Amino acid sequence: MAIRKIITTENPILRQKAKKVHRFDPSLQKLVDDMFETMHIAGGVGLAGPQIAQSIRVFVAEYEDHKIAVFNPEIVKAEGEEVGPEGCLSIPGYVGENIRRAAKVLIKGQDVRGKPIRVPAEGWFARIVQHEIDHLDGVLFIDRLDRPEDLREVTDEEIAEEEETAIIE
Ligand code: ZN
């Protein structure tokens, strides 16, 4: 495994629409392993391909007992609405408040071998999944703020508590 460099907002790759994966060759397993490792080291709960400068439709997420890697993900069902805070490994030092997301989603996509999968997600995990899928379309949480004052800098205290709050994706 290897740790990849996480790019930040000055890199235009983050704003591109990522490409669909058509060929599922064995190199994708290494990519997924690297993404999990990079995410763990960075203290995040989700990471999308574009964040490591790979403009392809894949994300990984790990939260509580959920651990998934999904290629070509699509939201097939979304229910309810919740507002909550979000951070992003590609926007270090900032948190967005009151970001609207569906409370419950069903996503479909493919696993690392190309096998079709469906993943239901609720609550915080659903928020992570929606945040990551946004990355594949070049969308960042700062685009979803209702009010500019909902973007704020994180305090040192919050950085210390990051592990517990797990808002950095
Ligand atoms: Zn992010």
# chains A, B, ... in the order shown; residues from 1 in each chain; ligands from 1
>>> residues_near_ligand(ligand="ligand 1", cutoff="7 Å", atoms="only C-alpha atoms and all ligand atoms", output="list in words")
Leu47, Gly87, Cys88, Leu89, Ser90, His131, Glu132, His135, Leu140 and Glu169 of chain A
>>> write_last_selection(atoms="all heavy atoms", output="compact mmCIF listing (two decimals), in the first residue's frame")
# COMPACT_ATOMS: atom_id res chain seq x y z
N LEU A 47 -13.15 9.20 0.97
CA LEU A 47 -12.18 9.77 0.03
C LEU A 47 -12.60 9.39 -1.38
O LEU A 47 -12.92 8.22 -1.63
CB LEU A 47 -10.77 9.24 0.34
CG LEU A 47 -9.61 9.90 -0.42
CD1 LEU A 47 -9.36 11.33 0.06
CD2 LEU A 47 -8.32 9.08 -0.28
N GLY A 87 -16.80 18.58 6.67
CA GLY A 87 -15.46 19.04 6.35
C GLY A 87 -14.98 18.25 5.15
O GLY A 87 -15.68 17.35 4.68
N CYS A 88 -13.82 18.61 4.65
CA CYS A 88 -13.30 17.92 3.47
C CYS A 88 -11.78 17.92 3.52
O CYS A 88 -11.17 18.95 3.80
CB CYS A 88 -13.78 18.65 2.21
SG CYS A 88 -13.25 17.87 0.70
N LEU A 89 -11.19 16.76 3.28
CA LEU A 89 -9.73 16.67 3.29
C LEU A 89 -9.11 17.58 2.25
O LEU A 89 -7.95 17.95 2.36
CB LEU A 89 -9.28 15.22 3.06
CG LEU A 89 -9.64 14.23 4.17
CD1 LEU A 89 -9.33 12.81 3.73
CD2 LEU A 89 -8.90 14.56 5.46
N SER A 90 -9.89 17.95 1.23
CA SER A 90 -9.38 18.84 0.18
C SER A 90 -9.60 20.31 0.49
O SER A 90 -9.20 21.18 -0.28
CB SER A 90 -10.03 18.47 -1.16
OG SER A 90 -9.61 17.17 -1.54
N HIS A 131 -21.52 13.21 -0.02
CA HIS A 131 -20.37 14.11 -0.13
C HIS A 131 -19.36 13.53 -1.14
O HIS A 131 -18.85 14.25 -2.01
CB HIS A 131 -19.73 14.26 1.26
CG HIS A 131 -18.49 15.09 1.31
ND1 HIS A 131 -18.43 16.30 1.96
CD2 HIS A 131 -17.24 14.87 0.81
CE1 HIS A 131 -17.19 16.79 1.83
NE2 HIS A 131 -16.45 15.95 1.15
N GLU A 132 -19.11 12.23 -1.06
CA GLU A 132 -18.12 11.60 -1.95
C GLU A 132 -18.62 11.56 -3.39
O GLU A 132 -17.85 11.79 -4.33
CB GLU A 132 -17.76 10.19 -1.46
CG GLU A 132 -17.14 10.13 -0.07
CD GLU A 132 -16.03 11.14 0.17
OE1 GLU A 132 -15.29 11.46 -0.78
OE2 GLU A 132 -15.91 11.62 1.31
N HIS A 135 -18.03 14.71 -5.13
CA HIS A 135 -16.65 14.88 -5.61
C HIS A 135 -16.49 14.37 -7.04
O HIS A 135 -15.70 14.91 -7.81
CB HIS A 135 -15.66 14.12 -4.72
CG HIS A 135 -15.17 14.90 -3.53
ND1 HIS A 135 -14.49 16.09 -3.66
CD2 HIS A 135 -15.24 14.65 -2.20
CE1 HIS A 135 -14.17 16.54 -2.45
NE2 HIS A 135 -14.61 15.69 -1.55
N LEU A 140 -18.18 20.53 -4.47
CA LEU A 140 -17.60 20.55 -3.12
C LEU A 140 -18.64 21.05 -2.13
O LEU A 140 -19.60 21.72 -2.51
CB LEU A 140 -16.37 21.47 -3.10
CG LEU A 140 -15.25 21.08 -4.07
CD1 LEU A 140 -14.18 22.16 -4.11
CD2 LEU A 140 -14.63 19.73 -3.69
N GLU A 169 -14.07 14.70 5.45
CA GLU A 169 -14.23 13.75 4.36
C GLU A 169 -13.39 14.14 3.17
O GLU A 169 -13.55 13.60 2.13
CB GLU A 169 -15.72 13.68 3.99
CG GLU A 169 -16.53 13.13 5.14
CD GLU A 169 -17.97 13.58 5.12
OE1 GLU A 169 -18.40 14.16 4.14
OE2 GLU A 169 -18.65 13.35 6.12
>>> select_by_dssp(residues="stretch 42-138 of chain A", states="alpha helix (DSSP H)", output="ChimeraX atom specification")
/A:42,123-136
>>> select_by_dssp(residues="stretch 80-113 of chain A", states="strand (DSSP E)", output="list in words")
Glu82, Val83, Gly84, Pro85, Glu86, Gly87, Tyr94, Val95, Gly96, Glu97, Asn98, Ile99, Arg100, Arg101, Lys104, Val105, Leu106, Ile107, Lys108, Gly109 and Gln110 of chain A
>>> write_last_selection(atoms="C-alpha atoms", output="CSV table (one decimal), in the first residue's frame")
chain,number,residue,atom,x,y,z
A,82,GLU,CA,-31.1,16.5,7.3
A,83,VAL,CA,-28.8,19.4,7.9
A,84,GLY,CA,-25.4,19.0,9.4
A,85,PRO,CA,-21.7,20.0,9.4
A,86,GLU,CA,-19.2,18.7,6.8
A,87,GLY,CA,-15.5,19.0,6.3
A,94,TYR,CA,-12.7,24.7,7.3
A,95,VAL,CA,-16.1,23.3,8.2
A,96,GLY,CA,-19.4,24.0,6.6
A,97,GLU,CA,-22.5,24.1,8.8
A,98,ASN,CA,-26.1,23.4,8.0
A,99,ILE,CA,-25.4,21.5,4.8
A,100,ARG,CA,-28.6,19.8,3.5
A,101,ARG,CA,-28.4,16.1,2.5
A,104,LYS,CA,-31.4,8.1,3.6
A,105,VAL,CA,-30.1,7.0,0.2
A,106,LEU,CA,-29.7,3.9,-1.8
A,107,ILE,CA,-26.8,3.8,-4.1
A,108,LYS,CA,-25.9,1.4,-6.8
A,109,GLY,CA,-22.5,0.9,-8.4
A,110,GLN,CA,-19.8,-1.7,-8.8
>>> closest_atom_pairs(of="stretch 81-159 of chain A", to="stretch 50-64 of chain A", cutoff="12 Å", atoms="only C-alpha atoms", output="JSON lines")
{"residue": "A:Cys88", "atom": "CA", "partner": "A:Gln51", "partner_atom": "CA", "distance": 9.7}
{"residue": "A:Leu89", "atom": "CA", "partner": "A:Gln51", "partner_atom": "CA", "distance": 8.0}
{"residue": "A:Ser90", "atom": "CA", "partner": "A:Gln51", "partner_atom": "CA", "distance": 6.6}
{"residue": "A:Ile91", "atom": "CA", "partner": "A:Gln51", "partner_atom": "CA", "distance": 10.3}
{"residue": "A:Gly109", "atom": "CA", "partner": "A:Val58", "partner_atom": "CA", "distance": 9.3}
{"residue": "A:Gln110", "atom": "CA", "partner": "A:Val58", "partner_atom": "CA", "distance": 9.2}
{"residue": "A:Asp111", "atom": "CA", "partner": "A:Val58", "partner_atom": "CA", "distance": 9.5}
{"residue": "A:Val112", "atom": "CA", "partner": "A:Val58", "partner_atom": "CA", "distance": 9.3}
{"residue": "A:Gly114", "atom": "CA", "partner": "A:Val58", "partner_atom": "CA", "distance": 11.5}
{"residue": "A:Val119", "atom": "CA", "partner": "A:Ala61", "partner_atom": "CA", "distance": 11.7}
{"residue": "A:Ala121", "atom": "CA", "partner": "A:Tyr63", "partner_atom": "CA", "distance": 10.8}
{"residue": "A:Glu122", "atom": "CA", "partner": "A:Tyr63", "partner_atom": "CA", "distance": 11.4}
{"residue": "A:Gly123", "atom": "CA", "partner": "A:Tyr63", "partner_atom": "CA", "distance": 11.1}
{"residue": "A:Trp124", "atom": "CA", "partner": "A:Tyr63", "partner_atom": "CA", "distance": 8.4}
{"residue": "A:Phe125", "atom": "CA", "partner": "A:Tyr63", "partner_atom": "CA", "distance": 6.5}
{"residue": "A:Ala126", "atom": "CA", "partner": "A:Tyr63", "partner_atom": "CA", "distance": 10.2}
{"residue": "A:Arg127", "atom": "CA", "partner": "A:Ala61", "partner_atom": "CA", "distance": 10.7}
{"residue": "A:Ile128", "atom": "CA", "partner": "A:Ala61", "partner_atom": "CA", "distance": 7.2}
{"residue": "A:Val129", "atom": "CA", "partner": "A:Ala61", "partner_atom": "CA", "distance": 7.2}
{"residue": "A:Gln130", "atom": "CA", "partner": "A:Phe59", "partner_atom": "CA", "distance": 10.5}
{"residue": "A:His131", "atom": "CA", "partner": "A:Phe59", "partner_atom": "CA", "distance": 10.0}
{"residue": "A:Glu132", "atom": "CA", "partner": "A:Phe59", "partner_atom": "CA", "distance": 6.3}
{"residue": "A:Ile133", "atom": "CA", "partner": "A:Phe59", "partner_atom": "CA", "distance": 7.4}
{"residue": "A:Asp134", "atom": "CA", "partner": "A:Phe59", "partner_atom": "CA", "distance": 10.3}
{"residue": "A:His135", "atom": "CA", "partner": "A:Pro50", "partner_atom": "CA", "distance": 6.8}
{"residue": "A:Leu136", "atom": "CA", "partner": "A:Arg57", "partner_atom": "CA", "distance": 5.7}
{"residue": "A:Asp137", "atom": "CA", "partner": "A:Arg57", "partner_atom": "CA", "distance": 8.8}
{"residue": "A:Gly138", "atom": "CA", "partner": "A:Pro50", "partner_atom": "CA", "distance": 8.3}
{"residue": "A:Val139", "atom": "CA", "partner": "A:Pro50", "partner_atom": "CA", "distance": 10.8}
{"residue": "A:Leu140", "atom": "CA", "partner": "A:Gln51", "partner_atom": "CA", "distance": 10.9}
>>> atom_distance(atom1="atom CA of A:Ile75", atom2="atom CA of A:Ala18")
15.8 Å
>>> closest_residue(among="A:Lys67, A:Lys20, A:Arg15, A:Lys5", to="A:Thr38", atoms="only C-alpha atoms")
A:Lys5
>>> closest_residue(among="A:Leu151, A:Ala103, A:Val21, A:Ile142", to="A:Pro73", atoms="only C-alpha atoms")
A:Val21
>>> atom_distance(atom1="atom CA of A:Phe36", atom2="atom CA of A:Leu14")
18.7 Å
>>> closest_residue(among="A:Ala48, A:Ile6, A:Val154, A:Leu28", to="A:Gly93", atoms="only C-alpha atoms")
A:Val154
>>> residues_around(residues="A:Ile3", least_positions_apart="4", cutoff="12 Å", atoms="only C-alpha atoms", output="ChimeraX atom specification")
/A:30-42,52
>>> atom_distance(atom1="atom CA of A:Asn11", atom2="atom CA of A:Pro92")
13.6 Å
>>> closest_residue(among="A:Arg147, A:Arg113, A:Arg118, A:Lys77", to="A:Arg23", atoms="only C-alpha atoms")
A:Arg113
>>> decode(residues="stretch 46-59 of chain A", atoms="all heavy atoms", output="mmCIF file, in the first residue's frame")
data_model
loop_
_atom_site.group_PDB
_atom_site.id
_atom_site.type_symbol
_atom_site.label_atom_id
_atom_site.label_comp_id
_atom_site.auth_asym_id
_atom_site.auth_seq_id
_atom_site.Cartn_x
_atom_site.Cartn_y
_atom_site.Cartn_z
ATOM 1 N N GLY A 46 -14.070 9.396 4.440
ATOM 2 C CA GLY A 46 -14.398 9.125 3.049
ATOM 3 C C GLY A 46 -13.340 9.765 2.166
ATOM 4 O O GLY A 46 -12.671 10.722 2.581
ATOM 5 N N LEU A 47 -13.145 9.200 0.973
ATOM 6 C CA LEU A 47 -12.177 9.775 0.033
ATOM 7 C C LEU A 47 -12.604 9.387 -1.378
ATOM 8 O O LEU A 47 -12.921 8.225 -1.633
ATOM 9 C CB LEU A 47 -10.769 9.239 0.336
ATOM 10 C CG LEU A 47 -9.611 9.899 -0.423
ATOM 11 C CD1 LEU A 47 -9.364 11.331 0.058
ATOM 12 C CD2 LEU A 47 -8.320 9.078 -0.277
ATOM 13 N N ALA A 48 -12.591 10.370 -2.266
ATOM 14 C CA ALA A 48 -13.001 10.119 -3.650
ATOM 15 C C ALA A 48 -11.777 10.200 -4.564
ATOM 16 O O ALA A 48 -10.809 10.917 -4.267
ATOM 17 C CB ALA A 48 -14.039 11.155 -4.077
ATOM 18 N N GLY A 49 -11.829 9.478 -5.678
ATOM 19 C CA GLY A 49 -10.728 9.435 -6.637
ATOM 20 C C GLY A 49 -10.127 10.796 -6.952
ATOM 21 O O GLY A 49 -8.903 10.970 -6.871
ATOM 22 N N PRO A 50 -10.945 11.785 -7.328
ATOM 23 C CA PRO A 50 -10.383 13.092 -7.689
ATOM 24 C C PRO A 50 -9.530 13.722 -6.584
ATOM 25 O O PRO A 50 -8.619 14.499 -6.882
ATOM 26 C CB PRO A 50 -11.630 13.943 -7.961
ATOM 27 C CG PRO A 50 -12.667 12.954 -8.379
ATOM 28 C CD PRO A 50 -12.399 11.724 -7.571
ATOM 29 N N GLN A 51 -9.789 13.360 -5.333
ATOM 30 C CA GLN A 51 -9.010 13.940 -4.235
ATOM 31 C C GLN A 51 -7.553 13.483 -4.230
ATOM 32 O O GLN A 51 -6.707 14.112 -3.608
ATOM 33 C CB GLN A 51 -9.660 13.613 -2.880
ATOM 34 C CG GLN A 51 -10.996 14.325 -2.690
ATOM 35 C CD GLN A 51 -11.564 14.033 -1.327
ATOM 36 O OE1 GLN A 51 -12.168 13.003 -1.107
ATOM 37 N NE2 GLN A 51 -11.340 14.938 -0.381
ATOM 38 N N ILE A 52 -7.281 12.353 -4.898
ATOM 39 C CA ILE A 52 -5.877 11.944 -5.053
ATOM 40 C C ILE A 52 -5.463 12.095 -6.526
ATOM 41 O O ILE A 52 -4.614 11.357 -7.032
ATOM 42 C CB ILE A 52 -5.619 10.513 -4.529
ATOM 43 C CG1 ILE A 52 -6.573 9.493 -5.172
ATOM 44 C CG2 ILE A 52 -5.730 10.473 -3.008
ATOM 45 C CD1 ILE A 52 -6.090 8.055 -5.051
ATOM 46 N N ALA A 53 -6.107 13.044 -7.187
ATOM 47 C CA ALA A 53 -5.779 13.406 -8.573
ATOM 48 C C ALA A 53 -6.060 12.290 -9.573
ATOM 49 O O ALA A 53 -5.489 12.269 -10.656
ATOM 50 C CB ALA A 53 -4.331 13.892 -8.680
ATOM 51 N N GLN A 54 -6.962 11.375 -9.206
ATOM 52 C CA GLN A 54 -7.413 10.329 -10.132
ATOM 53 C C GLN A 54 -8.839 10.687 -10.529
ATOM 54 O O GLN A 54 -9.769 10.499 -9.740
ATOM 55 C CB GLN A 54 -7.407 8.950 -9.454
ATOM 56 C CG GLN A 54 -6.052 8.504 -8.969
ATOM 57 C CD GLN A 54 -5.116 8.206 -10.124
ATOM 58 O OE1 GLN A 54 -5.457 7.486 -11.061
ATOM 59 N NE2 GLN A 54 -3.931 8.796 -10.084
ATOM 60 N N SER A 55 -8.984 11.193 -11.742
ATOM 61 C CA SER A 55 -10.309 11.671 -12.142
ATOM 62 C C SER A 55 -11.174 10.522 -12.670
ATOM 63 O O SER A 55 -11.580 10.491 -13.826
ATOM 64 C CB SER A 55 -10.165 12.779 -13.185
ATOM 65 O OG SER A 55 -11.397 13.442 -13.329
ATOM 66 N N ILE A 56 -11.425 9.557 -11.785
ATOM 67 C CA ILE A 56 -12.279 8.419 -12.130
ATOM 68 C C ILE A 56 -13.328 8.233 -11.043
ATOM 69 O O ILE A 56 -13.133 8.645 -9.896
ATOM 70 C CB ILE A 56 -11.468 7.101 -12.307
ATOM 71 C CG1 ILE A 56 -10.694 6.752 -11.026
ATOM 72 C CG2 ILE A 56 -10.543 7.209 -13.518
ATOM 73 C CD1 ILE A 56 -10.065 5.380 -11.064
ATOM 74 N N ARG A 57 -14.449 7.595 -11.441
ATOM 75 C CA ARG A 57 -15.597 7.517 -10.546
ATOM 76 C C ARG A 57 -15.453 6.379 -9.531
ATOM 77 O O ARG A 57 -15.955 5.274 -9.730
ATOM 78 C CB ARG A 57 -16.892 7.400 -11.358
ATOM 79 C CG ARG A 57 -17.088 8.565 -12.319
ATOM 80 C CD ARG A 57 -18.429 8.582 -12.997
ATOM 81 N NE ARG A 57 -19.473 9.136 -12.153
ATOM 82 C CZ ARG A 57 -19.653 10.432 -11.923
ATOM 83 N NH1 ARG A 57 -18.860 11.336 -12.472
ATOM 84 N NH2 ARG A 57 -20.634 10.837 -11.151
ATOM 85 N N VAL A 58 -14.777 6.690 -8.450
ATOM 86 C CA VAL A 58 -14.629 5.741 -7.344
ATOM 87 C C VAL A 58 -14.515 6.525 -6.040
ATOM 88 O O VAL A 58 -13.951 7.618 -6.015
ATOM 89 C CB VAL A 58 -13.382 4.832 -7.520
ATOM 90 C CG1 VAL A 58 -12.105 5.633 -7.627
ATOM 91 C CG2 VAL A 58 -13.286 3.810 -6.387
ATOM 92 N N PHE A 59 -15.102 5.946 -4.985
ATOM 93 C CA PHE A 59 -14.862 6.507 -3.655
ATOM 94 C C PHE A 59 -14.769 5.378 -2.645
ATOM 95 O O PHE A 59 -15.257 4.270 -2.885
ATOM 96 C CB PHE A 59 -15.956 7.509 -3.253
ATOM 97 C CG PHE A 59 -17.260 6.900 -2.823
ATOM 98 C CD1 PHE A 59 -17.462 6.480 -1.516
ATOM 99 C CD2 PHE A 59 -18.303 6.737 -3.724
ATOM 100 C CE1 PHE A 59 -18.667 5.913 -1.108
ATOM 101 C CE2 PHE A 59 -19.511 6.166 -3.329
ATOM 102 C CZ PHE A 59 -19.695 5.755 -2.029
#
